[in-house]
Amino acid sequence: MTTWQQFSDEAPDLADAVRARLTAHKHHVLATLRADGSPRVSGTEVETFRGLLVLGSMPGARKARDLQRDPRYSLHSNPGHHTMDGGDAKISGRARELTGDEKRVILDSYPENPGEDAQIFELGVEEVVLTTVSEDRLHVDLWRPGAGVTRTSR
């Protein structure tokens, strides 16, 4: 599983742009898979700590149960209010629930500790897409582990 730090090391400019999208607004959209395989979208917040992209969840939330059963996820940054300033970021990968000391370190680092019973997941990074718009073009920057960043412009 590729960590946020590994992504940042391989594609620092793209990582900075995506981090800016994730910190520009607090709430984002997480897609998970239900038991029957159909998609579920949930509001969520994410943070980066010690080179990991993490999300916290209330205990037993549907998104947490989905991730425990099937770790695949997609995260879509909040695009802001009627603007593409800074771009539109999407991250996909597999989540891993943190427990024990790993969880403790994250809980102690959270700006607002969500409580001992919170479920904390590391979001492994398998694909990152940043879509931006210039004066006359749409640009799609795509990163995958070991493949670098490719840009498609239309």
# chains A, B, ... in the order shown; residues from 1 in each chain; ligands from 1
>>> residues_around(residues="region 55-60 of chain A", least_positions_apart="6", cutoff="7 Å", atoms="only C-alpha atoms", output="PDB file with N, CA and C atoms, in the first residue's frame")
ATOM      1  N   GLU A  45     -14.201  13.884   6.643  1.00  0.00           N
ATOM      2  CA  GLU A  45     -13.063  14.787   6.797  1.00  0.00           C
ATOM      3  C   GLU A  45     -11.803  13.937   6.750  1.00  0.00           C
ATOM      4  N   VAL A  46     -10.754  14.474   6.183  1.00  0.00           N
ATOM      5  CA  VAL A  46      -9.476  13.768   6.136  1.00  0.00           C
ATOM      6  C   VAL A  46      -8.375  14.693   6.640  1.00  0.00           C
ATOM      7  N   GLU A  47      -7.313  14.087   7.113  1.00  0.00           N
ATOM      8  CA  GLU A  47      -6.145  14.820   7.602  1.00  0.00           C
ATOM      9  C   GLU A  47      -4.894  14.079   7.144  1.00  0.00           C
ATOM     10  N   ASP A 117     -13.181   5.944  21.140  1.00  0.00           N
ATOM     11  CA  ASP A 117     -13.941   4.934  20.405  1.00  0.00           C
ATOM     12  C   ASP A 117     -14.017   5.219  18.904  1.00  0.00           C
ATOM     13  N   ALA A 118     -13.441   6.326  18.460  1.00  0.00           N
ATOM     14  CA  ALA A 118     -13.439   6.641  17.027  1.00  0.00           C
ATOM     15  C   ALA A 118     -12.704   5.545  16.259  1.00  0.00           C
ATOM     16  N   GLN A 119     -13.130   5.316  15.042  1.00  0.00           N
ATOM     17  CA  GLN A 119     -12.420   4.401  14.154  1.00  0.00           C
ATOM     18  C   GLN A 119     -11.553   5.243  13.233  1.00  0.00           C
ATOM     19  N   ILE A 120     -10.296   4.882  13.127  1.00  0.00           N
ATOM     20  CA  ILE A 120      -9.328   5.632  12.332  1.00  0.00           C
ATOM     21  C   ILE A 120      -8.817   4.722  11.217  1.00  0.00           C
ATOM     22  N   PHE A 121      -8.817   5.258   9.998  1.00  0.00           N
ATOM     23  CA  PHE A 121      -8.364   4.503   8.833  1.00  0.00           C
ATOM     24  C   PHE A 121      -7.247   5.262   8.130  1.00  0.00           C
ATOM     25  N   GLU A 122      -6.208   4.532   7.746  1.00  0.00           N
ATOM     26  CA  GLU A 122      -5.217   5.079   6.814  1.00  0.00           C
ATOM     27  C   GLU A 122      -5.765   4.850   5.422  1.00  0.00           C
TER      28      GLU A 122
END
>>> residues_around(residues="Ala17 (chain A)", least_positions_apart="2", cutoff="9 Å", atoms="only C-alpha atoms", output="JSON, numbers by chain")
{"A": [12, 13, 14, 15, 19, 20, 21, 22, 86, 87, 89, 130]}
>>> write_last_selection(atoms="N, CA and C atoms", output="PDB file, in the first residue's frame")
ATOM      1  N   PRO A  12       5.786  15.662  -5.795  1.00  0.00           N
ATOM      2  CA  PRO A  12       5.628  16.723  -4.797  1.00  0.00           C
ATOM      3  C   PRO A  12       4.731  17.882  -5.233  1.00  0.00           C
ATOM      4  N   ASP A  13       4.816  18.303  -6.477  1.00  0.00           N
ATOM      5  CA  ASP A  13       3.975  19.425  -6.924  1.00  0.00           C
ATOM      6  C   ASP A  13       2.502  19.041  -6.936  1.00  0.00           C
ATOM      7  N   LEU A  14       2.213  17.843  -7.438  1.00  0.00           N
ATOM      8  CA  LEU A  14       0.830  17.375  -7.458  1.00  0.00           C
ATOM      9  C   LEU A  14       0.329  17.172  -6.026  1.00  0.00           C
ATOM     10  N   ALA A  15       1.151  16.604  -5.166  1.00  0.00           N
ATOM     11  CA  ALA A  15       0.752  16.386  -3.774  1.00  0.00           C
ATOM     12  C   ALA A  15       0.436  17.714  -3.084  1.00  0.00           C
ATOM     13  N   ARG A  19      -3.185  18.530  -1.620  1.00  0.00           N
ATOM     14  CA  ARG A  19      -3.294  18.878  -0.195  1.00  0.00           C
ATOM     15  C   ARG A  19      -3.996  20.222  -0.029  1.00  0.00           C
ATOM     16  N   ALA A  20      -3.701  21.167  -0.921  1.00  0.00           N
ATOM     17  CA  ALA A  20      -4.370  22.475  -0.871  1.00  0.00           C
ATOM     18  C   ALA A  20      -5.880  22.315  -1.058  1.00  0.00           C
ATOM     19  N   ARG A  21      -6.287  21.410  -1.949  1.00  0.00           N
ATOM     20  CA  ARG A  21      -7.725  21.163  -2.152  1.00  0.00           C
ATOM     21  C   ARG A  21      -8.343  20.526  -0.908  1.00  0.00           C
ATOM     22  N   LEU A  22      -7.606  19.625  -0.274  1.00  0.00           N
ATOM     23  CA  LEU A  22      -8.136  18.932   0.905  1.00  0.00           C
ATOM     24  C   LEU A  22      -8.213  19.837   2.128  1.00  0.00           C
ATOM     25  N   GLY A  86      -7.948  26.143  -8.120  1.00  0.00           N
ATOM     26  CA  GLY A  86      -7.149  25.133  -7.437  1.00  0.00           C
ATOM     27  C   GLY A  86      -7.375  23.721  -7.939  1.00  0.00           C
ATOM     28  N   GLY A  87      -8.454  23.517  -8.687  1.00  0.00           N
ATOM     29  CA  GLY A  87      -8.698  22.209  -9.275  1.00  0.00           C
ATOM     30  C   GLY A  87      -9.664  21.352  -8.485  1.00  0.00           C
ATOM     31  N   ALA A  89      -9.853  17.525  -6.993  1.00  0.00           N
ATOM     32  CA  ALA A  89      -8.970  16.408  -6.662  1.00  0.00           C
ATOM     33  C   ALA A  89      -9.750  15.148  -6.325  1.00  0.00           C
ATOM     34  N   LEU A 130      -5.963  15.219 -10.479  1.00  0.00           N
ATOM     35  CA  LEU A 130      -6.280  16.633 -10.261  1.00  0.00           C
ATOM     36  C   LEU A 130      -6.695  17.213 -11.603  1.00  0.00           C
TER      37      LEU A 130
END
>>> select_by_dssp(residues="chain A", states="strand (DSSP E or B)", output="number ranges by chain")
A: 28-33, 39-44, 46-49, 52-57, 72-76, 88-98, 119-123, 127-133, 138-144, 148-153
>>> residues_around(residues="Arg94 (chain A)", least_positions_apart="5", cutoff="12 Å", atoms="only C-alpha atoms", output="NGL selection string")
:A and (1-3 or 31-33 or 53-54 or 66-75 or 121-127)
>>> closest_residue(among="A:Phe49, A:Val105, A:Asn78, A:Asp136", to="Val29 (chain A)", atoms="only C-alpha atoms")
A:Asn78
>>> residues_around(residues="region 34-43 of chain A", least_positions_apart="6", cutoff="7 Å", atoms="only C-alpha atoms", output="VMD selection string")
chain A and resid 27 to 28 63 66
>>> residues_around(residues="Val133 (chain A)", least_positions_apart="6", cutoff="12 Å", atoms="only C-alpha atoms", output="mmCIF file with N, CA and C atoms, in the first residue's frame")
data_model
loop_
_atom_site.group_PDB
_atom_site.id
_atom_site.type_symbol
_atom_site.label_atom_id
_atom_site.label_comp_id
_atom_site.auth_asym_id
_atom_site.auth_seq_id
_atom_site.Cartn_x
_atom_site.Cartn_y
_atom_site.Cartn_z
ATOM 1 N N THR A 83 -16.633 27.148 -8.347
ATOM 2 C CA THR A 83 -15.362 27.524 -8.934
ATOM 3 C C THR A 83 -14.469 26.302 -9.083
ATOM 4 N N MET A 84 -13.570 26.370 -10.014
ATOM 5 C CA MET A 84 -12.562 25.319 -10.168
ATOM 6 C C MET A 84 -11.197 25.849 -9.733
ATOM 7 N N ASP A 85 -11.171 26.961 -9.006
ATOM 8 C CA ASP A 85 -9.899 27.492 -8.530
ATOM 9 C C ASP A 85 -9.162 26.423 -7.738
ATOM 10 N N GLY A 86 -7.948 26.143 -8.120
ATOM 11 C CA GLY A 86 -7.149 25.133 -7.437
ATOM 12 C C GLY A 86 -7.375 23.721 -7.939
ATOM 13 N N GLY A 87 -8.454 23.517 -8.687
ATOM 14 C CA GLY A 87 -8.698 22.209 -9.275
ATOM 15 C C GLY A 87 -9.664 21.352 -8.485
ATOM 16 N N ASP A 88 -9.886 20.185 -9.019
ATOM 17 C CA ASP A 88 -10.818 19.196 -8.495
ATOM 18 C C ASP A 88 -10.007 17.928 -8.257
ATOM 19 N N HIS A 139 -7.192 20.394 -17.964
ATOM 20 C CA HIS A 139 -5.997 19.589 -17.735
ATOM 21 C C HIS A 139 -6.310 18.518 -16.697
ATOM 22 N N VAL A 140 -5.917 17.286 -16.994
ATOM 23 C CA VAL A 140 -6.096 16.180 -16.064
ATOM 24 C C VAL A 140 -4.713 15.606 -15.758
ATOM 25 N N ASP A 141 -4.271 15.783 -14.507
ATOM 26 C CA ASP A 141 -3.002 15.229 -14.057
ATOM 27 C C ASP A 141 -3.298 13.938 -13.312
ATOM 28 N N THR A 152 -3.062 15.059 -19.376
ATOM 29 C CA THR A 152 -3.870 15.073 -20.585
ATOM 30 C C THR A 152 -4.566 16.417 -20.628
ATOM 31 N N SER A 153 -4.495 17.071 -21.766
ATOM 32 C CA SER A 153 -5.152 18.376 -21.909
ATOM 33 C C SER A 153 -6.130 18.312 -23.066
ATOM 34 N N ARG A 154 -7.255 18.950 -22.866
ATOM 35 C CA ARG A 154 -8.277 18.971 -23.911
ATOM 36 C C ARG A 154 -8.702 20.391 -24.153
#
>>> atom_distance(atom1="CA of Pro145 (chain A)", atom2="CA of Glu97 (chain A)")
21.3 Å
>>> closest_residue(among="A:Arg144, A:Arg65, A:His25, A:Arg50", to="Ala95 (chain A)", atoms="only C-alpha atoms")
A:Arg65
>>> select_by_dssp(residues="region 22-151 of chain A", states="alpha helix (DSSP H)", output="PyMOL selection string")
chain A and resi 22-24+62-69+100-109
>>> closest_residue(among="A:Gly115, A:Tyr110, A:Leu142, A:Gly80", to="Thr48 (chain A)", atoms="only C-alpha atoms")
A:Tyr110
